[in-house]
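Visitor: The file below is target16.cif, mmCIF, C-alpha atoms:
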data_upload
loop_
_atom_site.group_PDB
_atom_site.id
_atom_site.type_symbol
_atom_site.label_atom_id
_atom_site.label_comp_id
_atom_site.auth_asym_id
_atom_site.auth_seq_id
_atom_site.Cartn_x
_atom_site.Cartn_y
_atom_site.Cartn_z
ATOM 1 C CA MET A 1 10.862 71.961 44.042
ATOM 2 C CA THR A 2 14.655 72.058 43.899
ATOM 3 C CA LYS A 3 16.772 74.986 45.005
ATOM 4 C CA SER A 4 17.895 75.675 41.421
ATOM 5 C CA ASN A 5 14.292 76.306 40.373
ATOM 6 C CA MET A 6 13.926 79.032 42.950
ATOM 7 C CA GLN A 7 14.930 82.582 42.105
ATOM 8 C CA LEU A 8 15.141 85.498 44.469
ATOM 9 C CA LYS A 9 13.596 88.721 43.293
ATOM 10 C CA ILE A 10 14.947 91.765 45.066
ATOM 11 C CA SER A 11 12.643 94.757 45.073
ATOM 12 C CA ASN A 12 13.175 98.098 46.729
ATOM 13 C CA ARG A 13 11.344 101.128 48.027
ATOM 14 C CA LEU A 14 14.171 103.540 47.378
ATOM 15 C CA HIS A 15 12.033 106.011 45.436
ATOM 16 C CA VAL A 16 9.541 106.085 48.334
ATOM 17 C CA PHE A 17 12.291 106.862 50.858
ATOM 18 C CA ARG A 18 13.723 109.459 48.531
ATOM 19 C CA ALA A 19 10.331 111.137 48.133
ATOM 20 C CA GLU A 20 9.774 111.086 51.884
ATOM 21 C CA HIS A 21 13.114 112.755 52.463
ATOM 22 C CA ARG A 22 12.559 115.196 49.564
ATOM 23 C CA ILE A 23 15.871 114.415 47.979
ATOM 24 C CA THR A 24 16.729 114.184 44.288
ATOM 25 C CA GLN A 25 18.460 111.224 42.658
ATOM 26 C CA GLU A 26 21.512 113.418 42.049
ATOM 27 C CA GLN A 27 21.716 114.439 45.717
ATOM 28 C CA LEU A 28 21.299 110.864 46.952
ATOM 29 C CA ALA A 29 23.943 109.660 44.518
ATOM 30 C CA LYS A 30 26.354 112.263 45.860
ATOM 31 C CA GLU A 31 25.602 111.327 49.460
ATOM 32 C CA VAL A 32 26.249 107.603 48.992
ATOM 33 C CA GLY A 33 29.121 108.039 46.525
ATOM 34 C CA VAL A 34 27.715 106.681 43.278
ATOM 35 C CA THR A 35 26.529 108.142 39.975
ATOM 36 C CA ARG A 36 22.941 109.216 39.337
ATOM 37 C CA ALA A 37 22.666 106.473 36.706
ATOM 38 C CA THR A 38 23.224 103.892 39.443
ATOM 39 C CA ILE A 39 20.387 105.315 41.578
ATOM 40 C CA VAL A 40 18.148 105.315 38.476
ATOM 41 C CA ALA A 41 19.114 101.683 37.777
ATOM 42 C CA ILE A 42 18.431 100.613 41.390
ATOM 43 C CA GLU A 43 15.036 102.312 41.475
ATOM 44 C CA GLY A 44 14.092 100.828 38.123
ATOM 45 C CA GLY A 45 15.083 97.342 39.295
ATOM 46 C CA GLY A 46 17.791 97.040 36.668
ATOM 47 C CA TYR A 47 20.608 96.793 39.161
ATOM 48 C CA ASN A 48 20.901 95.162 42.567
ATOM 49 C CA PRO A 49 23.375 97.104 44.690
ATOM 50 C CA SER A 50 26.188 95.498 46.646
ATOM 51 C CA LEU A 51 25.707 94.873 50.363
ATOM 52 C CA GLU A 52 28.002 97.804 51.080
ATOM 53 C CA LEU A 53 25.920 100.221 49.001
ATOM 54 C CA ALA A 54 22.676 98.820 50.412
ATOM 55 C CA PHE A 55 23.958 99.461 53.959
ATOM 56 C CA ARG A 56 25.122 102.946 52.950
ATOM 57 C CA LEU A 57 21.619 103.728 51.619
ATOM 58 C CA ALA A 58 19.999 102.356 54.773
ATOM 59 C CA ARG A 59 22.376 104.346 56.960
ATOM 60 C CA TYR A 60 21.639 107.515 54.986
ATOM 61 C CA PHE A 61 17.882 107.111 55.493
ATOM 62 C CA LYS A 62 18.499 106.074 59.137
ATOM 63 C CA THR A 63 16.567 102.853 58.695
ATOM 64 C CA ASP A 64 16.999 99.125 58.500
ATOM 65 C CA ILE A 65 18.193 97.548 55.250
ATOM 66 C CA ASN A 66 15.010 95.406 55.159
ATOM 67 C CA ALA A 67 12.871 98.532 55.113
ATOM 68 C CA ILE A 68 14.355 99.537 51.771
ATOM 69 C CA PHE A 69 15.072 96.167 50.190
ATOM 70 C CA SER A 70 12.846 93.116 50.275
ATOM 71 C CA VAL A 71 13.283 89.655 48.848
ATOM 72 C CA GLU A 72 10.596 87.535 47.251
ATOM 73 C CA GLU A 73 10.940 83.963 46.113
ATOM 74 C CA GLU A 74 10.032 83.231 42.532
ATOM 75 C CA ASN A 75 9.326 79.727 41.324
ATOM 76 C CA ASN A 76 10.629 79.100 37.831
ATOM 77 C CA GLU A 77 9.501 75.441 37.654
ATOM 78 C CA GLN A 78 8.371 74.434 34.182
ATOM 79 C CA GLY A 79 6.155 71.566 32.989
ATOM 80 C CA MET B 1 52.892 107.167 38.365
ATOM 81 C CA ASN B 2 56.078 109.145 39.023
ATOM 82 C CA LYS B 3 56.722 112.666 37.733
ATOM 83 C CA VAL B 4 59.467 111.610 35.310
ATOM 84 C CA ASN B 5 57.091 109.189 33.578
ATOM 85 C CA VAL B 6 54.406 111.897 33.354
ATOM 86 C CA LEU B 7 56.925 114.253 31.770
ATOM 87 C CA LEU B 8 58.155 111.608 29.314
ATOM 88 C CA LEU B 9 54.578 110.696 28.426
ATOM 89 C CA ARG B 10 53.785 114.342 27.697
ATOM 90 C CA PHE B 11 56.861 114.605 25.480
ATOM 91 C CA PHE B 12 55.781 111.425 23.689
ATOM 92 C CA LEU B 13 52.207 112.644 23.102
ATOM 93 C CA TRP B 14 53.246 116.173 22.071
ATOM 94 C CA GLY B 15 55.840 114.644 19.754
ATOM 95 C CA LEU B 16 53.272 112.496 17.964
ATOM 96 C CA PRO B 17 51.971 115.208 15.567
ATOM 97 C CA PHE B 18 55.565 116.307 15.019
ATOM 98 C CA VAL B 19 56.556 112.760 14.016
ATOM 99 C CA ILE B 20 53.611 112.582 11.617
ATOM 100 C CA LEU B 21 54.697 115.907 10.086
ATOM 101 C CA LEU B 22 58.225 114.550 9.825
ATOM 102 C CA ALA B 23 56.979 111.444 8.029
ATOM 103 C CA VAL B 24 55.092 113.626 5.522
ATOM 104 C CA PHE B 25 58.171 115.828 5.088
ATOM 105 C CA SER B 26 60.440 112.789 4.549
ATOM 106 C CA ALA B 27 58.065 111.385 1.972
ATOM 107 C CA SER B 28 58.069 114.574 -0.072
ATOM 108 C CA TYR B 29 61.842 115.365 0.129
ATOM 109 C CA ASN B 30 64.532 112.959 -0.932
ATOM 110 C CA GLU B 31 68.058 112.709 0.527
ATOM 111 C CA GLN B 32 69.705 114.455 -2.439
ATOM 112 C CA LEU B 33 67.520 117.481 -1.895
ATOM 113 C CA ILE B 34 68.486 117.641 1.798
ATOM 114 C CA VAL B 35 72.236 117.320 1.058
ATOM 115 C CA SER B 36 72.117 120.179 -1.429
ATOM 116 C CA ALA B 37 69.905 122.323 0.835
ATOM 117 C CA SER B 38 71.124 125.290 2.869
ATOM 118 C CA TYR B 39 72.891 124.969 6.217
ATOM 119 C CA TYR B 40 69.772 125.883 8.210
ATOM 120 C CA ILE B 41 67.579 123.343 6.392
ATOM 121 C CA ARG B 42 70.146 120.606 7.082
ATOM 122 C CA LEU B 43 70.376 121.684 10.725
ATOM 123 C CA LEU B 44 66.587 121.536 10.988
ATOM 124 C CA TYR B 45 66.587 118.110 9.351
ATOM 125 C CA ASN B 46 69.260 116.827 11.763
ATOM 126 C CA LEU B 47 67.347 118.217 14.732
ATOM 127 C CA ALA B 48 64.168 116.551 13.497
ATOM 128 C CA GLY B 49 66.086 113.284 13.168
ATOM 129 C CA PHE B 50 67.374 113.605 16.734
ATOM 130 C CA ILE B 51 63.864 114.284 18.071
ATOM 131 C CA PHE B 52 62.563 111.299 16.143
ATOM 132 C CA ALA B 53 65.299 109.091 17.638
ATOM 133 C CA VAL B 54 64.424 110.307 21.162
ATOM 134 C CA TRP B 55 60.744 109.700 20.423
ATOM 135 C CA MET B 56 61.499 106.139 19.269
ATOM 136 C CA VAL B 57 63.486 105.355 22.436
ATOM 137 C CA LEU B 58 60.686 106.896 24.514
ATOM 138 C CA SER B 59 58.055 104.748 22.830
ATOM 139 C CA ILE B 60 60.035 101.603 23.753
ATOM 140 C CA TYR B 61 60.541 102.808 27.351
ATOM 141 C CA LEU B 62 56.872 103.792 27.784
ATOM 142 C CA GLY B 63 55.769 100.497 26.210
ATOM 143 C CA ILE B 64 57.798 98.577 28.810
ATOM 144 C CA CYS B 65 56.432 100.812 31.605
ATOM 145 C CA LEU B 66 52.876 100.110 30.431
ATOM 146 C CA MET B 67 53.550 96.376 30.550
ATOM 147 C CA PHE B 68 55.062 96.257 34.029
ATOM 148 C CA SER B 69 53.630 99.202 36.004
ATOM 149 C CA GLU B 70 50.023 98.597 36.992
ATOM 150 C CA LYS B 71 49.403 102.163 38.197
ATOM 151 C CA PHE B 72 50.892 103.699 35.048
ATOM 152 C CA ARG B 73 48.913 101.319 32.835
ATOM 153 C CA GLU B 74 45.606 102.036 34.559
ATOM 154 C CA LYS B 75 46.134 105.781 34.480
ATOM 155 C CA VAL B 76 47.265 106.052 30.855
ATOM 156 C CA LEU B 77 45.319 103.307 29.100
ATOM 157 C CA ALA B 78 42.090 104.047 30.991
ATOM 158 C CA LYS B 79 42.183 107.535 29.486
ATOM 159 C CA LEU B 80 43.115 106.334 26.011
ATOM 160 C CA THR B 81 40.384 103.683 25.930
ATOM 161 C CA LEU B 82 37.765 105.971 27.563
ATOM 162 C CA LEU B 83 37.367 103.483 30.419
ATOM 163 C CA LYS B 84 35.071 104.727 33.218
ATOM 164 C CA GLU B 85 34.714 103.150 36.655
ATOM 165 C CA ARG B 86 33.102 105.838 38.792
ATOM 166 C CA ASP B 87 31.145 103.474 41.032
ATOM 167 C CA GLU B 88 30.423 99.798 41.703
ATOM 168 C CA ARG B 89 27.822 99.499 38.936
ATOM 169 C CA GLU B 90 30.222 100.881 36.327
ATOM 170 C CA ALA B 91 32.955 98.561 37.661
ATOM 171 C CA MET B 92 30.596 95.602 37.192
ATOM 172 C CA LEU B 93 29.616 96.743 33.694
ATOM 173 C CA THR B 94 33.296 97.256 32.848
ATOM 174 C CA GLY B 95 33.872 93.619 33.778
ATOM 175 C CA LYS B 96 31.009 92.503 31.538
ATOM 176 C CA ALA B 97 32.177 94.686 28.653
ATOM 177 C CA ALA B 98 35.763 93.465 29.093
ATOM 178 C CA LYS B 99 34.534 89.850 29.002
ATOM 179 C CA THR B 100 32.603 90.476 25.777
ATOM 180 C CA THR B 101 35.631 92.233 24.272
ATOM 181 C CA MET B 102 38.021 89.451 25.297
ATOM 182 C CA LEU B 103 35.801 86.689 23.911
ATOM 183 C CA THR B 104 35.174 88.473 20.596
ATOM 184 C CA THR B 105 38.907 89.216 20.308
ATOM 185 C CA ILE B 106 39.745 85.541 20.859
ATOM 186 C CA ALA B 107 37.160 84.621 18.206
ATOM 187 C CA ILE B 108 38.774 87.073 15.763
ATOM 188 C CA LEU B 109 42.269 85.801 16.639
ATOM 189 C CA LEU B 110 41.209 82.198 16.047
ATOM 190 C CA PHE B 111 39.743 83.182 12.687
ATOM 191 C CA LEU B 112 42.907 85.116 11.759
ATOM 192 C CA PHE B 113 45.045 82.172 12.894
ATOM 193 C CA CYS B 114 43.134 79.865 10.558
ATOM 194 C CA LEU B 115 43.421 82.345 7.693
ATOM 195 C CA SER B 116 47.163 82.733 8.267
ATOM 196 C CA CYS B 117 47.826 78.970 8.388
ATOM 197 C CA PHE B 118 45.658 77.707 5.564
ATOM 198 C CA GLN B 119 47.035 77.532 2.060
ATOM 199 C CA VAL B 120 44.863 76.689 -0.897
ATOM 200 C CA SER B 121 46.002 76.257 -4.452
ATOM 201 C CA VAL B 122 43.891 75.331 -7.443
ATOM 202 C CA TYR B 123 45.895 74.595 -10.583
ATOM 203 C CA SER B 124 45.910 72.558 -13.752
ATOM 204 C CA VAL B 125 48.802 70.324 -14.820
ATOM 205 C CA PRO B 126 49.834 69.265 -18.358
ATOM 206 C CA PRO B 127 47.997 66.165 -19.692
ATOM 207 C CA GLU B 128 51.153 64.001 -19.371
ATOM 208 C CA GLN B 129 51.272 64.717 -15.621
ATOM 209 C CA ALA B 130 47.556 64.145 -15.065
ATOM 210 C CA ILE B 131 46.617 61.783 -12.246
ATOM 211 C CA ASN B 132 43.968 59.214 -13.269
ATOM 212 C CA GLY B 133 43.217 61.378 -16.277
ATOM 213 C CA LYS B 134 42.426 64.406 -14.138
ATOM 214 C CA SER B 135 44.442 67.521 -14.886
ATOM 215 C CA ASN B 136 42.809 69.951 -12.437
ATOM 216 C CA VAL B 137 44.292 69.755 -8.933
ATOM 217 C CA ILE B 138 43.301 71.313 -5.640
ATOM 218 C CA SER B 139 46.050 71.443 -3.040
ATOM 219 C CA LEU B 140 45.342 72.160 0.640
ATOM 220 C CA ASN B 141 48.071 72.913 3.191
ATOM 221 C CA PHE B 142 48.380 73.885 6.827
ATOM 222 C CA LYS B 143 51.457 75.985 7.449
ATOM 223 C CA PHE B 144 52.585 76.967 10.926
ATOM 224 C CA SER B 145 56.010 78.261 11.885
ATOM 225 C CA VAL B 146 57.161 80.042 15.042
ATOM 226 C CA LEU B 147 59.728 82.145 13.202
ATOM 227 C CA LYS B 148 58.967 84.303 10.171
ATOM 228 C CA ASP B 149 59.169 82.178 7.040
ATOM 229 C CA SER B 150 58.418 83.658 3.660
ATOM 230 C CA SER B 151 58.842 80.504 1.581
ATOM 231 C CA PRO B 152 55.514 79.000 0.480
ATOM 232 C CA ALA B 153 54.734 75.474 1.671
ATOM 233 C CA ILE B 154 53.458 74.537 -1.773
ATOM 234 C CA SER B 155 56.413 73.907 -4.039
ATOM 235 C CA SER B 156 55.966 75.526 -7.396
ATOM 236 C CA ASP B 157 59.009 74.202 -9.247
ATOM 237 C CA VAL B 158 58.389 70.420 -8.886
ATOM 238 C CA ILE B 159 55.293 70.360 -11.062
ATOM 239 C CA LYS B 160 54.738 72.418 -14.181
ATOM 240 C CA LYS B 161 51.394 73.970 -13.499
ATOM 241 C CA SER B 162 49.204 76.884 -14.392
ATOM 242 C CA ASN B 163 47.579 78.478 -11.373
ATOM 243 C CA ILE B 164 43.854 79.018 -11.364
ATOM 244 C CA PHE B 165 43.605 80.190 -7.744
ATOM 245 C CA GLU B 166 46.189 80.536 -4.998
ATOM 246 C CA TYR B 167 45.849 81.566 -1.340
ATOM 247 C CA ASN B 168 48.999 81.665 0.784
ATOM 248 C CA GLY B 169 47.884 82.968 4.153
ATOM 249 C CA LEU B 170 46.824 86.438 5.257
ATOM 250 C CA PRO B 171 47.635 89.151 2.743
ATOM 251 C CA ILE B 172 47.870 91.829 5.480
ATOM 252 C CA SER B 173 51.015 92.669 7.428
ATOM 253 C CA GLY B 174 51.601 91.891 11.105
ATOM 254 C CA SER B 175 51.607 95.596 12.013
ATOM 255 C CA ALA B 176 48.237 96.091 10.305
ATOM 256 C CA VAL B 177 46.779 93.133 12.219
ATOM 257 C CA ILE B 178 48.117 94.507 15.540
ATOM 258 C CA ILE B 179 46.767 98.037 14.975
ATOM 259 C CA GLY B 180 43.465 96.554 13.789
ATOM 260 C CA LEU B 181 43.186 94.497 16.977
ATOM 261 C CA ILE B 182 44.009 97.522 19.170
ATOM 262 C CA MET B 183 41.270 99.511 17.435
ATOM 263 C CA TRP B 184 38.885 96.565 17.709
ATOM 264 C CA GLN B 185 39.507 96.236 21.478
ATOM 265 C CA ILE B 186 38.739 99.919 22.093
ATOM 266 C CA ILE B 187 35.659 99.964 19.842
ATOM 267 C CA ALA B 188 34.269 96.643 21.127
ATOM 268 C CA TYR B 189 34.762 97.654 24.769
ATOM 269 C CA ASN B 190 33.077 101.048 24.353
ATOM 270 C CA TYR B 191 30.226 99.613 22.284
ATOM 271 C CA SER B 192 29.574 96.855 24.859
ATOM 272 C CA MET B 193 29.767 99.362 27.716
ATOM 273 C CA ARG B 194 27.191 101.640 26.063
ATOM 274 C CA ARG B 195 24.908 98.660 25.434
ATOM 275 C CA PHE B 196 25.100 97.495 29.061
ATOM 276 C CA MET B 197 24.624 101.010 30.422
ATOM 277 C CA LYS B 198 21.192 101.299 28.757
#
Rewrite the structure from the file as structure tokens, please.
Guide:
Amino acid sequence: MTKSNMQLKISNRLHVFRAEHRITQEQLAKEVGVTRATIVAIEGGGYNPSLELAFRLARYFKTDINAIFSVEEENNEQG
Amino acid sequence: MNKVNVLLLRFFLWGLPFVILLAVFSASYNEQLIVSASYYIRLLYNLAGFIFAVWMVLSIYLGICLMFSEKFREKVLAKLTLLKERDEREAMLTGKAAKTTMLTTIAILLFLFCLSCFQVSVYSVPPEQAINGKSNVISLNFKFSVLKDSSPAISSDVIKKSNIFEYNGLPISGSAVIIGLIMWQIIAYNYSMRRFMK
């Protein structure tokens, strides 16, 4: 398997953290300095945040970045 | 963006409806009517002319400012084109939408370039001028000139011919093409942005 056939899938537990902290998407967006649409996109897996935003989210929830975001390897090899 | 530029920009934008009104007024009144009009009407007309002259100079000045001042350009044109970059995701989507807009604009420009350079003429010549017994001729030309040149590349006085079809470049003016492209850029950017935001 070559490196080019491997894709990294980034998943997150942002909605879980948000529920635990009883905070709305709007409030979280305000706290980390983005729009609510961006939080919606991150939670839905439609957008992978920058390292800076990921660290800001982790810092807000007082946790490690790996606790919120995790990476899985996906094999796209065909034939 | 300095305060003088803000003030001039406001004057320019507030003057826009006035200039449109002036254009409508000029179209409906001819010079003879103005000359024979009362003193106050003439004074009003002269004042309108002065404001229009100031507005014209302003448009040149603001155009140059928009080209060379990055801050001014981003502040003014971002508002005019409804550009939004409130966070990193929107900045990324703006980049994607701008790429789509740029590529489609280049595609349109290439197409317009072809249309403006190609010349096609289909005509029939008298039987005595027929080539190999064929009197119907199709003539294809590629015309490109840096400076404005109104003379057609296909000479019409050498051969006596009756035109069946003739195409001598784009039938629309340069100003119409420019305003069309400005509109296209704004529409294409906003459409792409909405599509990516979903």
Visitor: Between A:Val71, A:Ile10, A:Ala41, A:Ile65, which residue has the minimum interatomic distance to Gln25 of chain A, considering only C-alpha atoms?
Guide: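 Closest residue, counting only C-alpha atoms: A:Ala41.
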Visitor: Mind listing as an MDAnalysis selection string which residues of chain B are within 8 Å of chain A, counting only C-alpha atoms?
Guide: chainID B and resid 86:89
Visitor: Please list as a list in words every residue within 8 Å of Leu28 of chain A, counting only C-alpha atoms and excluding residues in the same chain fewer than 4 positions away.
Guide: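 Non-adjacent residues within range: Arg18, Ile23, Thr24, Val32, Arg36 and Ile39 of chain A.
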Visitor: So what do you get for atom CA of Val19 of chain B versus atom CA of Leu58 of chain B, distance-wise?
Guide: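 About the pair atom CA of Val19 of chain B and atom CA of Leu58 of chain B: they are 12.7 Å apart.
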Visitor: Compare B:Thr104, B:Asn46, B:Ser69, B:Ser28 by their minimum atom-to-atom distance to Leu181 of chain B, counting only C-alpha atoms, and give me the closest one.
Guide: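 Of B:Thr104, B:Asn46, B:Ser69, B:Ser28, the one nearest Leu181 of chain B is B:Thr104, counting only C-alpha atoms.
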Visitor: Hey, which of A:Asn12, A:Ala19, A:Asn5, A:Glu74 ends up closest to Ala54 of chain A? Count only C-alpha atoms.
Guide: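 Once distances to Ala54 of chain A are computed over only C-alpha atoms, the minimum belongs to A:Asn12.
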Visitor: Run the PyMOL selection byres ((chain B and resi 191) around 12) on the file and write out the hits as a list of chain:residue names.
Guide: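 On the file shown, the PyMOL selection byres ((chain B and resi 191) around 12) covers B:Thr81, B:Leu82, B:Leu83, B:Leu93, B:Thr94, B:Lys96, B:Ala97, B:Ala98, B:Thr100, B:Thr101, B:Trp184, B:Gln185, B:Ile186, B:Ile187, B:Ala188, B:Tyr189, B:Asn190, B:Ser192, B:Met193, B:Arg194, B:Arg195, B:Phe196, B:Met197, B:Lys198.
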Visitor: Please expand the PyMOL selection byres ((chain B and resi 56) around 12) into the concrete residues it hits in this file, giving the result as a list in words.
Guide: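 Selection result, ordered by chain and number: Leu8, Phe11, Phe12, Leu13, Gly15, Leu16, Val19, Gly49, Phe50, Ile51, Phe52, Ala53, Val54, Trp55, Val57, Leu58, Ser59, Ile60, Tyr61, Leu62 and Gly63 of chain B.
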